[in-house]
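Remarks on the structure that follows.
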Amino acid sequence: MEAHLSEAPGSRNVSIGSLPRYTETMAARSSTVSEKLRKQLDALPAKPGVYIFRNTRGEVIYVGKAARLKDRVRSYFGSPRSLQPKVFQMRRQIDDFEYIVTSNAGEALILEATLIKRHQPFFNIRLKDDKRYPYLKVDVQNPWPRVYITRRVERDGARYFGPYASASSVRATLDLVKKLFPWRSCTKEITGKDPRPCLDYYIKRCIAPCTSFCTPEEYREVIDQVLLFLEGQTDAVLSRLHRQMDEAAEQLEYERAAMIRDQIRAIERTVERQMVATTKDADADVFGLARDGDQACVQVFFIRGPQMVGRDNFVLEGASEEDDATVLSNFLLQYYESAQSIPKLILVPSPVEDADALEELLTEKRGTKVEIRVPERGEKKRLVELANDNAKEALDMLRVKWLADSTRTNQALDQLREELSLPDVPRRIECYDNSNIQGANPVSSMVVFVDGKPASNQYRRFKVKTVTGADDYATMHEILKRRFRHAAPSPNGSTAEPPAPDGDRWDLPDLVIIDGGKGQLSAARQAMQEMGVHHIPAVGLAKRHEEVFVPDEDEPIILPRGSEALFLVQRIRDEAHRFAITYHRKVRGKASVQSALDTIPGIGPKRKKALLRKFGSVKGIREAEIDDIASTIGFTRTLAERVKEHV
């Protein structure tokens, strides 16, 4: 298999470009297949394998696997109406393809993961960053082993632990191991003839093989403890240390016994800080998944015995328009393709695509049975839910870190100016979103980002006043007119309505983003024209395809996937949506209370207010006794009975 991989075509490194804008040429290509591609499709074999799509520049844009290459590849070139939006966009860029036949579907899985890691294709789900992930390496093949960080796994007889998501997470593990076990961290040649040991010996971080203060057997015992600890077998480590402490005490080596005692206490404190995962011993990796637009975050808990011995999170890109089963399958394949430790049990939050083939591959790699399971109840279910929660928190933290990074936000604003052909960098961006349920209780939100960061004190929310029903266009028109009544006078002084008082003026934006497509944008532009602020750039952002609609252009702009500009507008749009939904829930809740009481004959505003002040809610009124309602100011027993009957 390895020789087969090295001979795979398309092995050169390439950089994947951004999605181009829609053009007439691309539209024509989307509905026709070139003669060259047609001949290639006819020659496809009905065998398992991997296919590789390339664009006109020869760049790899997608790698896929197939049980039957002939059927799978041809499916991309059928009717465009049957294709998902992401596949439709990809098909427009396919200029050439090649394939590699494999012996079976499992071999195709391995090859697919290898090629995705190598090429980082634009349309594939892929682990973020093109670099190798870090590992902890213990070079047990050497006479005096060390523990250190590496990004390259080799077949050299060493033990590897990982991969870790980042250098910081692997360094934290390395620091912990160094504090608990006195292995050497120097790279010098060990002869045992040094005149004196270094500082590590005096602070109990090394047992000084350089000066022959320990035997090779004693040093190897330390390394064995490190290996057991990294494998999660802390009980075995503690058992060996207790035995060594007792032996030292029996031989009257009290200083050595005290040192081992302190080491035992340090390990026990570390274990106590780790979450107790289950009441039963387990050998499992627990995965959680959270998604936000094109990005997804996978959280993994490493459960060994009754403890969680470690955790990490990984970010994936290219996850939009893919279901959870596909996202999880792609992640697990890429993760375990290079992982050096595979547990007996893999717990996931939802079913995984190609689970049987993946189980077979992992079983072969581990040497014993590996099971992928979606737990439905009990402790394992709780662990998966906890991993899901942690994945969401990690994704939220990434967003916060991104917004706090002034360099990246400045890059995003510069990219946005260039992609949208704006006259200036959009320092102040306003975004508008509508929210209603079948036209009931319509509201709108306005969020403001200044220099790429949310200015929550300038957020505004609107109750729709003039629109009846679910008319998104009319709602956007009303809200934009009301917003720009608060604007400073326009350069030409033309407004259809009188402006707000001077004390209630709002700064003008450099860019207006409308959550919606051409229709919503057109309604907003008409309102801005009427208010004399048509000189302010405005765009519409369609959520499904992340298309940016601009005035006077038939085709939308596609911001480069994975770009800082796209990430920023997604954050702004999502914040506007969150703000609108929150306000709509509040309005809907009040409306439900009002509707329940407003239908009762004889209950006017004052009596309704008195009831709510006394009982707090309709639920409180429903649970109250008739005598309690009758004792409310303005009520009689007859009226109280009528209230109970209606609520």
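To be explicit about the labels: the chains of the structure tokens are called A, B, and onward in the order shown, and within each one the residues are counted from 1, while ligands get numbers from 1 in the order they are shown.
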
Shell of 7 Å around region 41-57 of chain A, only C-alpha atoms, local chain residues under 6 positions omitted, as a compact mmCIF listing (two decimals) with C-alpha atoms, in the first residue's frame:
```txt
# COMPACT_ATOMS: atom_id res chain seq x y z
CA VAL A 63 -10.49 14.08 -3.40
CA GLY A 64 -13.16 11.41 -2.98
CA LYS A 65 -13.49 7.67 -2.50
CA ALA A 66 -15.86 5.27 -4.22
CA ALA A 67 -16.92 1.65 -3.99
CA ARG A 68 -17.54 1.87 -7.77
CA LEU A 69 -15.62 4.66 -9.49
CA LYS A 70 -17.80 4.52 -12.61
CA ARG A 74 -20.45 10.11 -13.16
CA GLN A 93 -14.48 24.33 -11.64
CA ILE A 94 -13.71 20.74 -12.70
CA ASP A 95 -11.46 20.79 -15.75
CA ASP A 96 -9.82 17.38 -15.40
CA PHE A 97 -9.81 14.35 -13.13
CA GLU A 98 -7.79 11.24 -12.48
CA TYR A 99 -8.39 8.12 -10.44
CA ILE A 100 -6.48 5.44 -8.56
CA VAL A 101 -7.91 1.92 -8.38
CA THR A 102 -7.57 0.16 -5.01
CA SER A 103 -8.06 -3.45 -3.95
CA ASN A 104 -11.06 -2.68 -1.75
CA ALA A 105 -13.10 0.12 -0.16
CA ALA A 108 -9.65 3.63 -0.71
CA GLU A 112 -8.34 9.33 0.46
```

If you count only C-alpha atoms, which residues fall within 10 Å of region 340-344 of chain A, apart from same-chain ones fewer than 4 positions away, as an NGL selection string? :A and (135 or 153 or 159-163 or 231 or 282-285 or 302-304 or 335-336 or 362-363 or 365-372)

Just the residues within 10 Å of Thr475 (chain A), please, counting only C-alpha atoms, with nothing from its chain fewer than 3 positions along; format it as a PDB file with C-alpha atoms, in the first residue's frame.
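Dumped everything to out_33.pdb:
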```
ATOM      1  CA  ASP A 433     -32.097  40.940  10.221  1.00  0.00           C
ATOM      2  CA  ASN A 434     -35.845  40.270  10.505  1.00  0.00           C
ATOM      3  CA  SER A 435     -37.504  37.680  12.715  1.00  0.00           C
ATOM      4  CA  PRO A 442     -42.405  40.655  13.497  1.00  0.00           C
ATOM      5  CA  VAL A 443     -39.257  42.362  14.802  1.00  0.00           C
ATOM      6  CA  SER A 444     -35.904  43.454  13.380  1.00  0.00           C
ATOM      7  CA  LYS A 463     -40.912  46.319  16.498  1.00  0.00           C
ATOM      8  CA  VAL A 464     -42.436  46.338  13.039  1.00  0.00           C
ATOM      9  CA  LYS A 465     -45.295  48.860  12.943  1.00  0.00           C
ATOM     10  CA  THR A 466     -46.648  49.196   9.402  1.00  0.00           C
ATOM     11  CA  VAL A 467     -46.329  45.687   7.948  1.00  0.00           C
ATOM     12  CA  THR A 468     -48.930  42.939   8.347  1.00  0.00           C
ATOM     13  CA  GLY A 469     -47.912  39.317   7.880  1.00  0.00           C
ATOM     14  CA  ALA A 470     -44.607  37.805   6.774  1.00  0.00           C
ATOM     15  CA  ASP A 471     -43.516  40.438   4.231  1.00  0.00           C
ATOM     16  CA  ASP A 472     -39.734  40.457   4.551  1.00  0.00           C
ATOM     17  CA  GLU A 478     -39.729  50.145   7.052  1.00  0.00           C
ATOM     18  CA  ILE A 479     -36.807  49.398   9.348  1.00  0.00           C
ATOM     19  CA  LEU A 480     -34.196  51.083   7.131  1.00  0.00           C
ATOM     20  CA  GLN A 520     -34.323  42.322   0.729  1.00  0.00           C
ATOM     21  CA  ALA A 523     -36.134  47.050  -0.478  1.00  0.00           C
ATOM     22  CA  ALA A 524     -33.347  48.376   1.748  1.00  0.00           C
TER      23      ALA A 524
END
```

Quick one: everything within 7 Å of Leu413 (chain A), counting only C-alpha atoms, minus sequence neighbours fewer than 3 positions away in the same chain. Send it as a list in words. Thr409, Asn410, Leu416, Arg417, Val425, Pro426 and Ala565 of chain A

Selection export as a compact mmCIF listing (two decimals), in the first residue's frame, atoms kept: N, CA and C atoms:
```txt
# COMPACT_ATOMS: atom_id res chain seq x y z
N THR A 409 -8.54 41.28 12.13
CA THR A 409 -9.71 42.08 11.79
C THR A 409 -9.36 43.17 10.79
N ASN A 410 -8.18 43.75 10.91
CA ASN A 410 -7.75 44.74 9.93
C ASN A 410 -7.59 44.11 8.55
N LEU A 416 -12.37 42.98 2.66
CA LEU A 416 -13.75 43.32 2.36
C LEU A 416 -13.84 44.52 1.44
N ARG A 417 -13.01 45.52 1.69
CA ARG A 417 -12.98 46.71 0.82
C ARG A 417 -12.60 46.32 -0.60
N VAL A 425 -12.13 51.70 3.63
CA VAL A 425 -12.21 50.57 4.57
C VAL A 425 -13.46 50.75 5.43
N PRO A 426 -14.33 49.76 5.52
CA PRO A 426 -15.59 49.89 6.27
C PRO A 426 -15.37 49.80 7.79
N ALA A 565 -12.22 37.98 5.40
CA ALA A 565 -13.39 38.80 5.06
C ALA A 565 -14.68 38.01 5.22
```

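CA of Asn313 (chain A) to CA of Ala391 (chain A) spans 7.0 Å [interatomic distance, one decimal].
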
So which residues touch Glu385 (chain A) within 12 Å, counting only C-alpha atoms, skipping near sequence neighbours fewer than 3 positions away, as a list in words? Val286, Phe287, Gly288, Leu289, Ala290, Gln299, Val300, Phe301, Leu347, Val348, Pro349, Ser350, Val374, Pro375, Glu376, Arg377, Gly378, Glu379, Lys380, Lys381, Arg382, Asn388, Asp389, Asn390, Ala391 and Lys392 of chain A

For region 454-461 of chain A: contacts at 8 Å, only C-alpha atoms, fewer than 6 positions along chain excluded, given as a PyMOL selection string: chain A and resi 443-448+580+583

Could you pull the residues within 8 Å of Cys210 (chain A), counting only C-alpha atoms, minus those fewer than 2 positions along the same chain, as a PyMOL selection string? chain A and resi 190-194+197+208+212-213

Would you mind exporting N, CA and C atoms of the selected residues as a JSON list (two decimals), in the first residue's frame?
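Once everything was written out, this is selection-v5.json:
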```json
[["chain", "number", "residue", "atom", "x", "y", "z"],
["A", 190, "ILE", "N", 25.69, 10.47, 26.90],
["A", 190, "ILE", "CA", 25.81, 9.98, 28.27],
["A", 190, "ILE", "C", 26.96, 8.98, 28.37],
["A", 191, "THR", "N", 28.00, 9.39, 29.11],
["A", 191, "THR", "CA", 29.14, 8.49, 29.33],
["A", 191, "THR", "C", 29.24, 8.07, 30.79],
["A", 192, "GLY", "N", 28.56, 8.80, 31.68],
["A", 192, "GLY", "CA", 28.66, 8.52, 33.11],
["A", 192, "GLY", "C", 29.91, 9.07, 33.74],
["A", 193, "LYS", "N", 30.69, 9.88, 33.00],
["A", 193, "LYS", "CA", 31.97, 10.38, 33.51],
["A", 193, "LYS", "C", 31.98, 11.88, 33.76],
["A", 194, "ASP", "N", 30.82, 12.55, 33.68],
["A", 194, "ASP", "CA", 30.79, 13.99, 33.96],
["A", 194, "ASP", "C", 31.18, 14.23, 35.42],
["A", 197, "PRO", "N", 26.62, 16.77, 38.21],
["A", 197, "PRO", "CA", 25.35, 16.86, 37.47],
["A", 197, "PRO", "C", 24.92, 18.32, 37.29],
["A", 208, "ALA", "N", 20.39, 11.98, 37.02],
["A", 208, "ALA", "CA", 21.80, 12.17, 36.66],
["A", 208, "ALA", "C", 22.51, 10.92, 36.15],
["A", 212, "SER", "N", 26.73, 8.91, 36.50],
["A", 212, "SER", "CA", 26.57, 7.54, 37.03],
["A", 212, "SER", "C", 25.93, 7.52, 38.41],
["A", 213, "PHE", "N", 25.06, 8.54, 38.69],
["A", 213, "PHE", "CA", 24.34, 8.54, 39.96],
["A", 213, "PHE", "C", 23.18, 7.54, 39.94]]
```

Calculated over only C-alpha atoms, which of the candidates A:Gly516, A:Pro145, A:Pro560, A:Gly58 has the smallest distance to Leu227 (chain A)? A:Pro145

Of the candidates A:Pro143, A:Leu333, A:Ala339, A:Leu37, which one gets nearest to Tyr219 (chain A) if we count only C-alpha atoms? A:Pro143

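In this structure, CA of Ser617 (chain A) sits 10.3 Å away from CA of Leu597 (chain A).
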
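For the atom pair formed by CA of Ser522 (chain A) and CA of Ile536 (chain A), the distance is 13.8 Å, given to one decimal.
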
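Residues of region 144-291 of chain A assigned to strand (DSSP E or B) by DSSP on this structure's backbone: A:Val147, A:Tyr148, A:Ile149, A:Thr150, A:Arg159, A:Tyr160, A:Phe161, A:Val276, A:Ala282, A:Asp283, A:Ala284, A:Asp285, A:Val286, A:Phe287, A:Gly288, A:Leu289, A:Ala290, A:Arg291.
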
Considering only C-alpha atoms, can you say which of A:Val147, A:Ala576, A:Ala236, A:Cys431 comes closest to Pro509 (chain A)? A:Cys431
